[in-house]
Structure formats: structure tokens, C-alpha cells
Amino acid sequence: MRAAGRTAVSGPSSEVGSYGVDTRDGRVGQVMGHVGGYVQLRPPGGGREWDCPPDAVTPAPPDVVLRARARVRAMNRAGLRQPPRSGTGK
């Protein structure tokens, strides 16, 4: 399955550039790499990466990725920034 030229996440060995869902909290992210046994995900549109255990990453269906990217585009058009998550120190 391909979405926007990127392959879908394929289980624990998710490919860099693919999109996945962190099943712990439902966040969608692009796989940026694998460090220390974790998958590093970054929100669509950029932002701070977070670490996710490989068994908590599932493939992001194309419609979920499109919705997340559309939300970012709408926020950009409106000139809004997403507030930092609590506990980030910013």
C-alpha cells in the first residue's frame, strides 16, 4: 500500500518515510528512524519526534494520513500553531 509516494508501515520493521499510528494514544506520525529499539515518529507537518515501541506502531491507513495532513494545512492557512503538549517545557 502506498500513500503519497511512501510505503505503509509493515509491523515492527517499519520503513523510514512511512506513516504509522501510535496505538498508545492514537497519534499519527511519519517514521523518521529506529534508535535504541524504538521507532521514532514525527507528526505530519513537522514537530518534535517521539519514541514508540515497535509493537505499538500500526500502519496508518491512507485516509488517516490525509486527515492529519489536511488538519496541518488548515492550521497553517489560519495562521494557528498547535499548542505544545503538556509536559514538554515549552
# chains A, B, ... in the order shown; residues from 1 in each chain; ligands from 1
$ residues_around --residues "Arg73 of chain A" --least-positions-apart "6" --cutoff "10 Å" --atoms "only C-alpha atoms" --output "PyMOL selection string"
chain A and resi 44-45+67+79
$ residues_around --residues "Val31 of chain A" --least-positions-apart "2" --cutoff "8 Å" --atoms "only C-alpha atoms" --output "list in words"
Ser14, Glu15, Val16, Gly17, Ser18, Tyr19, Gly20, Gly29, Gly33, Val39, Gln40, Leu41 and Arg42 of chain A
$ atom_distance --atom1 "atom CA of Ala56 of chain A" --atom2 "atom CA of Val28 of chain A"
11.8 Å
$ atom_distance --atom1 "atom CA of Tyr38 of chain A" --atom2 "atom CA of Pro54 of chain A"
5.9 Å
$ select_by_dssp --residues "segment 37-77 of chain A" --states "strand (DSSP E)" --output "PyMOL selection string"
chain A and resi 38-42+50-52+57-59
$ write_last_selection --atoms "N, CA and C atoms" --output "short mmCIF file (atom, residue, chain, number, x, y, z; two decimals), in the first residue's frame"
data_model
loop_
_atom_site.label_atom_id
_atom_site.label_comp_id
_atom_site.auth_asym_id
_atom_site.auth_seq_id
_atom_site.Cartn_x
_atom_site.Cartn_y
_atom_site.Cartn_z
N TYR A 38 13.49 1.56 19.57
CA TYR A 38 12.23 2.29 19.41
C TYR A 38 12.10 2.83 18.00
N VAL A 39 10.88 3.07 17.60
CA VAL A 39 10.59 3.72 16.32
C VAL A 39 10.41 5.20 16.62
N GLN A 40 11.10 6.05 15.88
CA GLN A 40 10.96 7.49 16.07
C GLN A 40 9.94 8.00 15.07
N LEU A 41 8.89 8.64 15.60
CA LEU A 41 7.80 9.18 14.79
C LEU A 41 7.78 10.70 14.90
N ARG A 42 7.42 11.35 13.80
CA ARG A 42 7.27 12.81 13.79
C ARG A 42 5.89 13.14 13.25
N TRP A 50 8.83 11.65 18.66
CA TRP A 50 8.65 10.89 19.89
C TRP A 50 9.01 9.43 19.62
N ASP A 51 9.42 8.75 20.68
CA ASP A 51 9.79 7.34 20.59
C ASP A 51 8.59 6.47 20.89
N CYS A 52 8.48 5.41 20.13
CA CYS A 52 7.35 4.49 20.28
C CYS A 52 7.88 3.06 20.19
N VAL A 57 3.26 0.39 17.11
CA VAL A 57 3.08 1.11 15.84
C VAL A 57 2.31 0.23 14.88
N THR A 58 1.21 0.76 14.37
CA THR A 58 0.44 0.04 13.36
C THR A 58 0.42 0.88 12.09
N PRO A 59 0.19 0.26 10.95
CA PRO A 59 0.14 1.02 9.70
C PRO A 59 -0.95 2.09 9.75
#
$ atom_distance --atom1 "atom CA of Arg69 of chain A" --atom2 "atom CA of Gly36 of chain A"
28.0 Å
$ decode --residues "segment 30-81 of chain A" --atoms "C-alpha atoms" --output "PDB file, in the first residue's frame"
ATOM      1  CA  GLN A  30       5.985   9.617   9.927  1.00  0.00           C
ATOM      2  CA  VAL A  31       8.726   7.106  10.695  1.00  0.00           C
ATOM      3  CA  MET A  32      11.997   9.030  10.946  1.00  0.00           C
ATOM      4  CA  GLY A  33      14.231   6.230  12.153  1.00  0.00           C
ATOM      5  CA  HIS A  34      14.910   3.474  14.646  1.00  0.00           C
ATOM      6  CA  VAL A  35      17.017   4.212  17.732  1.00  0.00           C
ATOM      7  CA  GLY A  36      17.547   2.101  20.838  1.00  0.00           C
ATOM      8  CA  GLY A  37      14.880  -0.403  19.907  1.00  0.00           C
ATOM      9  CA  TYR A  38      12.228   2.295  19.415  1.00  0.00           C
ATOM     10  CA  VAL A  39      10.593   3.721  16.325  1.00  0.00           C
ATOM     11  CA  GLN A  40      10.964   7.492  16.067  1.00  0.00           C
ATOM     12  CA  LEU A  41       7.805   9.179  14.788  1.00  0.00           C
ATOM     13  CA  ARG A  42       7.274  12.810  13.794  1.00  0.00           C
ATOM     14  CA  PRO A  43       3.858  14.449  13.390  1.00  0.00           C
ATOM     15  CA  PRO A  44       2.742  15.317   9.843  1.00  0.00           C
ATOM     16  CA  GLY A  45       3.823  18.859   9.073  1.00  0.00           C
ATOM     17  CA  GLY A  46       6.826  18.623  11.404  1.00  0.00           C
ATOM     18  CA  GLY A  47       7.324  18.966  15.099  1.00  0.00           C
ATOM     19  CA  ARG A  48       9.011  17.123  17.891  1.00  0.00           C
ATOM     20  CA  GLU A  49       9.715  13.433  17.333  1.00  0.00           C
ATOM     21  CA  TRP A  50       8.651  10.886  19.886  1.00  0.00           C
ATOM     22  CA  ASP A  51       9.788   7.341  20.591  1.00  0.00           C
ATOM     23  CA  CYS A  52       7.354   4.492  20.281  1.00  0.00           C
ATOM     24  CA  PRO A  53       7.851   0.783  20.983  1.00  0.00           C
ATOM     25  CA  PRO A  54       7.750  -1.116  17.678  1.00  0.00           C
ATOM     26  CA  ASP A  55       4.842  -3.290  18.830  1.00  0.00           C
ATOM     27  CA  ALA A  56       2.756  -0.129  19.450  1.00  0.00           C
ATOM     28  CA  VAL A  57       3.085   1.113  15.845  1.00  0.00           C
ATOM     29  CA  THR A  58       0.444   0.043  13.359  1.00  0.00           C
ATOM     30  CA  PRO A  59       0.143   1.024   9.703  1.00  0.00           C
ATOM     31  CA  ALA A  60      -1.634   4.334   9.197  1.00  0.00           C
ATOM     32  CA  PRO A  61      -4.437   3.940   6.669  1.00  0.00           C
ATOM     33  CA  PRO A  62      -4.220   6.468   3.812  1.00  0.00           C
ATOM     34  CA  ASP A  63      -7.394   8.258   4.936  1.00  0.00           C
ATOM     35  CA  VAL A  64      -5.958   8.797   8.435  1.00  0.00           C
ATOM     36  CA  VAL A  65      -2.734  10.231   6.987  1.00  0.00           C
ATOM     37  CA  LEU A  66      -4.680  12.521   4.643  1.00  0.00           C
ATOM     38  CA  ARG A  67      -6.864  13.773   7.503  1.00  0.00           C
ATOM     39  CA  ALA A  68      -3.824  14.514   9.674  1.00  0.00           C
ATOM     40  CA  ARG A  69      -2.069  16.355   6.845  1.00  0.00           C
ATOM     41  CA  ALA A  70      -5.236  18.300   5.975  1.00  0.00           C
ATOM     42  CA  ARG A  71      -5.549  19.375   9.612  1.00  0.00           C
ATOM     43  CA  VAL A  72      -1.980  20.743   9.496  1.00  0.00           C
ATOM     44  CA  ARG A  73      -2.657  22.594   6.225  1.00  0.00           C
ATOM     45  CA  ALA A  74      -5.838  24.129   7.651  1.00  0.00           C
ATOM     46  CA  MET A  75      -3.985  25.284  10.761  1.00  0.00           C
ATOM     47  CA  ASN A  76      -1.226  26.775   8.604  1.00  0.00           C
ATOM     48  CA  ARG A  77      -3.762  28.636   6.466  1.00  0.00           C
ATOM     49  CA  ALA A  78      -5.454  30.008   9.551  1.00  0.00           C
ATOM     50  CA  GLY A  79      -2.091  31.084  10.967  1.00  0.00           C
ATOM     51  CA  LEU A  80      -2.546  28.899  14.017  1.00  0.00           C
ATOM     52  CA  ARG A  81       0.077  26.892  15.780  1.00  0.00           C
TER      53      ARG A  81
END
